[in-house]
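As structure tokens, the structure follows; a few thoughts come after it.
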Amino acid sequence: MKGSTVRMVLIGSPGAGKGTQGRLLAEKLGIPLISTGDMLRAAVGEDSPMGREAQSFMERGELVPDGVMIALIRRRLEHGQDTARGFILDGFPRTLEQARALDTMLSELHQPLDLAIEFRVRRVELLRRLTGRWNCHACGASFNLQTASPVQVGVCDHCGGELFQRADDKVETVSRRLEVYAAQTEPIVAYYRERGALRVVDGERGIEEIQDQLAAMVGSRAKA
Ligand code: AMP
């Protein structure tokens, strides 16, 4: 699959598996995975002005204002040297305003979007996944204490890095993030459906099965 150009966005509730699938697919395709959540967490860690602005929204499970997010992605897409053969966006757009801004940006860059993939997962499963989730500081891999526990507690199976639990994976914040998704992000599904870009995957299937489905979607996008 390496060699083809593809620009895609991954849409789905927190815990739907966008990060896990995006990371695997990006590696397979040899294109960058651009995760706005990871970019914001890095900014918070560095205590940059943007990080300080974003932190309180993130801790409450609310969205960071559109203006901040659109500027962040604009900088990444305009100045990144690595997106000539495409990219996978994980966690952006999250509002209709962000979706429209992305379209404008990509048309200015003459890099139209190929695919918008929606991951569907039931609420009961999302809650189970999010509250048991641990991530690797070093490589970003995701584990779940109930379903995909690391071999050694607190240590990444893939790279030996230290695992941490996200502050916003606490039960109260998780419920708010799911509400915010339904109210503010779900409308972008219809937006991409109307444009013929939407594909849907059942996010409760196995990791490998979903990867195969995504690979097939990427392979057939020209005819879609
Ligand atoms: P994520 O890792 O994608 O779940 O993002 C973690 C948090 O970062 C979210 O709950 C939001 O507070 C913030 N965030 C990430 N991406 C966006 C976005 N596109 N728009 C607004 N807020 C965002």
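How things are named: the first chain in the structure tokens is A, the next is B, and so on; residues count from 1 in each chain; ligands count from 1 in the order shown.
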
Just want the residues within 7 Å of ligand 1, written as a count of residues only, counting only C-alpha atoms and all ligand atoms.
21

Would you please give, as a PyMOL selection string, all residues of segment 11-93 of chain A that DSSP assigns to strand (DSSP E or B) based on the backbone?
chain A and resi 11-12+33-35+86-90

Create the file for the chosen residues now, containing all heavy atoms and written as a PDB file, in the first residue's frame.
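Written out: result14.pdb:
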ATOM      1  N   ILE A  11     -13.308   9.806  12.315  1.00  0.00           N
ATOM      2  CA  ILE A  11     -14.346  10.390  13.164  1.00  0.00           C
ATOM      3  C   ILE A  11     -14.864   9.309  14.097  1.00  0.00           C
ATOM      4  O   ILE A  11     -15.070   8.177  13.661  1.00  0.00           O
ATOM      5  CB  ILE A  11     -15.541  10.884  12.306  1.00  0.00           C
ATOM      6  CG1 ILE A  11     -15.070  11.780  11.166  1.00  0.00           C
ATOM      7  CG2 ILE A  11     -16.569  11.601  13.168  1.00  0.00           C
ATOM      8  CD1 ILE A  11     -16.167  12.018  10.117  1.00  0.00           C
ATOM      9  N   GLY A  12     -15.074   9.659  15.353  1.00  0.00           N
ATOM     10  CA  GLY A  12     -15.641   8.671  16.264  1.00  0.00           C
ATOM     11  C   GLY A  12     -15.522   9.171  17.679  1.00  0.00           C
ATOM     12  O   GLY A  12     -14.648   9.980  17.999  1.00  0.00           O
ATOM     13  N   LEU A  33       0.344  10.344  11.050  1.00  0.00           N
ATOM     14  CA  LEU A  33      -0.910  10.410  11.795  1.00  0.00           C
ATOM     15  C   LEU A  33      -0.860  11.728  12.553  1.00  0.00           C
ATOM     16  O   LEU A  33       0.072  11.972  13.317  1.00  0.00           O
ATOM     17  CB  LEU A  33      -0.987   9.253  12.795  1.00  0.00           C
ATOM     18  CG  LEU A  33      -2.208   9.289  13.716  1.00  0.00           C
ATOM     19  CD1 LEU A  33      -3.482   8.945  12.948  1.00  0.00           C
ATOM     20  CD2 LEU A  33      -2.039   8.320  14.890  1.00  0.00           C
ATOM     21  N   ILE A  34      -1.841  12.584  12.315  1.00  0.00           N
ATOM     22  CA  ILE A  34      -1.859  13.886  12.976  1.00  0.00           C
ATOM     23  C   ILE A  34      -2.982  13.862  14.010  1.00  0.00           C
ATOM     24  O   ILE A  34      -4.163  13.877  13.650  1.00  0.00           O
ATOM     25  CB  ILE A  34      -2.062  15.011  11.949  1.00  0.00           C
ATOM     26  CG1 ILE A  34      -0.931  14.966  10.909  1.00  0.00           C
ATOM     27  CG2 ILE A  34      -2.128  16.374  12.642  1.00  0.00           C
ATOM     28  CD1 ILE A  34      -1.075  15.981   9.784  1.00  0.00           C
ATOM     29  N   SER A  35      -2.611  13.775  15.274  1.00  0.00           N
ATOM     30  CA  SER A  35      -3.603  13.696  16.354  1.00  0.00           C
ATOM     31  C   SER A  35      -3.621  15.018  17.108  1.00  0.00           C
ATOM     32  O   SER A  35      -2.630  15.386  17.745  1.00  0.00           O
ATOM     33  CB  SER A  35      -3.231  12.547  17.304  1.00  0.00           C
ATOM     34  OG  SER A  35      -3.810  12.770  18.574  1.00  0.00           O
ATOM     35  N   GLY A  86       0.091  12.654   1.717  1.00  0.00           N
ATOM     36  CA  GLY A  86      -1.139  12.484   2.474  1.00  0.00           C
ATOM     37  C   GLY A  86      -0.943  12.468   3.968  1.00  0.00           C
ATOM     38  O   GLY A  86       0.155  12.693   4.482  1.00  0.00           O
ATOM     39  N   PHE A  87      -2.052  12.207   4.668  1.00  0.00           N
ATOM     40  CA  PHE A  87      -2.045  12.223   6.134  1.00  0.00           C
ATOM     41  C   PHE A  87      -3.321  11.577   6.640  1.00  0.00           C
ATOM     42  O   PHE A  87      -4.286  11.402   5.881  1.00  0.00           O
ATOM     43  CB  PHE A  87      -1.965  13.672   6.654  1.00  0.00           C
ATOM     44  CG  PHE A  87      -3.002  14.572   6.051  1.00  0.00           C
ATOM     45  CD1 PHE A  87      -4.313  14.539   6.502  1.00  0.00           C
ATOM     46  CD2 PHE A  87      -2.678  15.425   4.998  1.00  0.00           C
ATOM     47  CE1 PHE A  87      -5.280  15.357   5.919  1.00  0.00           C
ATOM     48  CE2 PHE A  87      -3.641  16.244   4.415  1.00  0.00           C
ATOM     49  CZ  PHE A  87      -4.948  16.195   4.881  1.00  0.00           C
ATOM     50  N   ILE A  88      -3.288  11.218   7.914  1.00  0.00           N
ATOM     51  CA  ILE A  88      -4.498  10.746   8.597  1.00  0.00           C
ATOM     52  C   ILE A  88      -4.734  11.688   9.770  1.00  0.00           C
ATOM     53  O   ILE A  88      -3.860  11.857  10.618  1.00  0.00           O
ATOM     54  CB  ILE A  88      -4.323   9.306   9.126  1.00  0.00           C
ATOM     55  CG1 ILE A  88      -3.995   8.353   7.973  1.00  0.00           C
ATOM     56  CG2 ILE A  88      -5.591   8.850   9.869  1.00  0.00           C
ATOM     57  CD1 ILE A  88      -3.702   6.916   8.423  1.00  0.00           C
ATOM     58  N   LEU A  89      -5.895  12.322   9.789  1.00  0.00           N
ATOM     59  CA  LEU A  89      -6.231  13.215  10.898  1.00  0.00           C
ATOM     60  C   LEU A  89      -7.050  12.456  11.935  1.00  0.00           C
ATOM     61  O   LEU A  89      -8.070  11.861  11.599  1.00  0.00           O
ATOM     62  CB  LEU A  89      -7.055  14.403  10.392  1.00  0.00           C
ATOM     63  CG  LEU A  89      -6.298  15.545   9.723  1.00  0.00           C
ATOM     64  CD1 LEU A  89      -7.293  16.590   9.223  1.00  0.00           C
ATOM     65  CD2 LEU A  89      -5.319  16.183  10.691  1.00  0.00           C
ATOM     66  N   ASP A  90      -6.578  12.489  13.174  1.00  0.00           N
ATOM     67  CA  ASP A  90      -7.266  11.803  14.280  1.00  0.00           C
ATOM     68  C   ASP A  90      -7.704  12.859  15.296  1.00  0.00           C
ATOM     69  O   ASP A  90      -6.871  13.489  15.929  1.00  0.00           O
ATOM     70  CB  ASP A  90      -6.279  10.799  14.908  1.00  0.00           C
ATOM     71  CG  ASP A  90      -6.708  10.330  16.291  1.00  0.00           C
ATOM     72  OD1 ASP A  90      -7.883  10.534  16.670  1.00  0.00           O
ATOM     73  OD2 ASP A  90      -5.851   9.759  16.997  1.00  0.00           O
TER      74      ASP A  90
END

Please identify all polymer residues within 8 Å of segment 72-82 of chain A, counting only C-alpha atoms, omitting same-chain residues fewer than 6 positions from it, and present them as an MDAnalysis selection string.
chainID A and resid 31:32 36 105 109

Determine which residues of segment 21-223 of chain A receive a DSSP assignment of helix (DSSP H, G or I), computed from the backbone, and state them as a ChimeraX atom specification.
/A:21-29,36-46,49-60,66-79,96-108,123-131,167-169,171-185,187-194,207-219

Near segment 123-130 of chain A, counting only C-alpha atoms, which residues have an atom at most 9 Å away, once you skip same-chain residues fewer than 6 positions from it, shown as a PDB file with N, CA, C and O atoms, in the first residue's frame?
ATOM      1  N   SER A  13     -16.397   8.659  18.510  1.00  0.00           N
ATOM      2  CA  SER A  13     -16.418   9.022  19.911  1.00  0.00           C
ATOM      3  C   SER A  13     -15.056   8.764  20.548  1.00  0.00           C
ATOM      4  O   SER A  13     -14.323   7.899  20.068  1.00  0.00           O
ATOM      5  N   PRO A  14     -14.760   9.449  21.648  1.00  0.00           N
ATOM      6  CA  PRO A  14     -13.574   9.062  22.415  1.00  0.00           C
ATOM      7  C   PRO A  14     -13.699   7.571  22.735  1.00  0.00           C
ATOM      8  O   PRO A  14     -14.779   7.100  23.083  1.00  0.00           O
ATOM      9  N   GLY A  15     -12.613   6.827  22.574  1.00  0.00           N
ATOM     10  CA  GLY A  15     -12.633   5.398  22.872  1.00  0.00           C
ATOM     11  C   GLY A  15     -13.075   4.513  21.725  1.00  0.00           C
ATOM     12  O   GLY A  15     -13.125   3.294  21.854  1.00  0.00           O
ATOM     13  N   ALA A  16     -13.366   5.103  20.572  1.00  0.00           N
ATOM     14  CA  ALA A  16     -13.855   4.296  19.447  1.00  0.00           C
ATOM     15  C   ALA A  16     -12.734   3.556  18.722  1.00  0.00           C
ATOM     16  O   ALA A  16     -13.002   2.699  17.880  1.00  0.00           O
ATOM     17  N   ASN A 144      -5.679  -1.806  27.556  1.00  0.00           N
ATOM     18  CA  ASN A 144      -6.876  -1.736  28.385  1.00  0.00           C
ATOM     19  C   ASN A 144      -6.800  -2.802  29.464  1.00  0.00           C
ATOM     20  O   ASN A 144      -6.595  -3.976  29.157  1.00  0.00           O
ATOM     21  N   LEU A 145      -6.945  -2.359  30.712  1.00  0.00           N
ATOM     22  CA  LEU A 145      -6.752  -3.284  31.821  1.00  0.00           C
ATOM     23  C   LEU A 145      -7.741  -4.450  31.771  1.00  0.00           C
ATOM     24  O   LEU A 145      -7.451  -5.523  32.267  1.00  0.00           O
ATOM     25  N   GLN A 146      -8.921  -4.240  31.147  1.00  0.00           N
ATOM     26  CA  GLN A 146      -9.895  -5.323  31.101  1.00  0.00           C
ATOM     27  C   GLN A 146      -9.788  -6.175  29.848  1.00  0.00           C
ATOM     28  O   GLN A 146     -10.021  -7.376  29.878  1.00  0.00           O
ATOM     29  N   THR A 147      -9.415  -5.538  28.732  1.00  0.00           N
ATOM     30  CA  THR A 147      -9.499  -6.297  27.471  1.00  0.00           C
ATOM     31  C   THR A 147      -8.151  -6.552  26.810  1.00  0.00           C
ATOM     32  O   THR A 147      -8.000  -7.510  26.064  1.00  0.00           O
ATOM     33  N   ASP A 169      -9.675  10.583  31.314  1.00  0.00           N
ATOM     34  CA  ASP A 169     -10.323   9.273  31.259  1.00  0.00           C
ATOM     35  C   ASP A 169     -11.004   8.913  32.590  1.00  0.00           C
ATOM     36  O   ASP A 169     -11.418   7.784  32.800  1.00  0.00           O
ATOM     37  N   LYS A 170     -11.150   9.900  33.502  1.00  0.00           N
ATOM     38  CA  LYS A 170     -11.915   9.666  34.738  1.00  0.00           C
ATOM     39  C   LYS A 170     -13.392   9.561  34.372  1.00  0.00           C
ATOM     40  O   LYS A 170     -13.852  10.194  33.420  1.00  0.00           O
ATOM     41  N   VAL A 171     -14.155   8.791  35.189  1.00  0.00           N
ATOM     42  CA  VAL A 171     -15.546   8.495  34.819  1.00  0.00           C
ATOM     43  C   VAL A 171     -16.368   9.755  34.527  1.00  0.00           C
ATOM     44  O   VAL A 171     -17.062   9.839  33.515  1.00  0.00           O
ATOM     45  N   VAL A 174     -15.323  11.393  31.297  1.00  0.00           N
ATOM     46  CA  VAL A 174     -15.648  10.544  30.149  1.00  0.00           C
ATOM     47  C   VAL A 174     -17.102  10.774  29.724  1.00  0.00           C
ATOM     48  O   VAL A 174     -17.398  10.940  28.534  1.00  0.00           O
ATOM     49  N   SER A 175     -18.040  10.827  30.695  1.00  0.00           N
ATOM     50  CA  SER A 175     -19.454  11.036  30.342  1.00  0.00           C
ATOM     51  C   SER A 175     -19.627  12.361  29.622  1.00  0.00           C
ATOM     52  O   SER A 175     -20.361  12.459  28.637  1.00  0.00           O
ATOM     53  N   LEU A 178     -18.438  12.148  26.037  1.00  0.00           N
ATOM     54  CA  LEU A 178     -19.373  11.450  25.148  1.00  0.00           C
ATOM     55  C   LEU A 178     -20.544  12.368  24.780  1.00  0.00           C
ATOM     56  O   LEU A 178     -21.006  12.370  23.632  1.00  0.00           O
ATOM     57  N   GLU A 204     -16.388  -2.214  16.866  1.00  0.00           N
ATOM     58  CA  GLU A 204     -16.344  -3.272  17.881  1.00  0.00           C
ATOM     59  C   GLU A 204     -15.739  -4.560  17.326  1.00  0.00           C
ATOM     60  O   GLU A 204     -15.620  -5.554  18.026  1.00  0.00           O
TER      61      GLU A 204
END

Gap from atom CA of Gly30 of chain A to atom CA of Val6 of chain A - Å, one decimal:
10.3 Å

Shell around segment 148-161 of chain A at 10 Å using only C-alpha atoms, local window under 5 positions removed, as a CSV table (one decimal) with N, CA and C atoms, in the first residue's frame:
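File produced: out01.csv:
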chain,number,residue,atom,x,y,z
A,129,ARG,N,-14.1,0.8,27.7
A,129,ARG,CA,-12.8,1.0,27.1
A,129,ARG,C,-12.1,2.2,27.8
A,132,GLY,N,-10.8,2.0,31.4
A,132,GLY,CA,-9.7,1.0,31.7
A,132,GLY,C,-8.4,1.3,30.8
A,133,ARG,N,-8.4,2.5,30.2
A,133,ARG,CA,-7.4,2.7,29.2
A,133,ARG,C,-6.1,3.3,29.8
A,134,TRP,N,-5.0,2.7,29.3
A,134,TRP,CA,-3.6,3.2,29.7
A,134,TRP,C,-2.9,3.4,28.4
A,135,ASN,N,-2.1,4.5,28.3
A,135,ASN,CA,-1.3,4.8,27.1
A,135,ASN,C,0.2,4.8,27.4
A,136,CYS,N,1.0,4.6,26.3
A,136,CYS,CA,2.4,4.6,26.4
A,136,CYS,C,2.9,6.1,26.2
A,137,HIS,N,3.7,6.6,27.1
A,137,HIS,CA,4.3,7.9,27.0
A,137,HIS,C,5.2,8.0,25.7
A,138,ALA,N,5.9,6.9,25.5
A,138,ALA,CA,6.9,6.9,24.4
A,138,ALA,C,6.4,6.7,23.0
A,139,CYS,N,5.6,5.6,22.8
A,139,CYS,CA,5.1,5.3,21.5
A,139,CYS,C,3.7,5.6,21.2
A,140,GLY,N,2.9,5.9,22.3
A,140,GLY,CA,1.5,6.2,22.1
A,140,GLY,C,0.6,5.0,22.1
A,141,ALA,N,1.1,3.8,22.2
A,141,ALA,CA,0.3,2.6,22.1
A,141,ALA,C,-0.7,2.6,23.3
A,142,SER,N,-1.9,1.9,23.0
A,142,SER,CA,-3.0,2.0,24.0
A,142,SER,C,-3.3,0.6,24.5
A,143,PHE,N,-3.4,0.5,25.8
A,143,PHE,CA,-3.8,-0.8,26.4
A,143,PHE,C,-5.1,-0.7,27.2

Correct to one decimal, the distance atom CA of Ile207 of chain A-atom CA of Arg23 of chain A is 11.6 Å

Can you tell me how far atom CA of Arg193 of chain A sits from atom CA of Arg205 of chain A, in Å to one decimal?
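Between atom CA of Arg193 of chain A and atom CA of Arg205 of chain A the gap is 22.3 Å.
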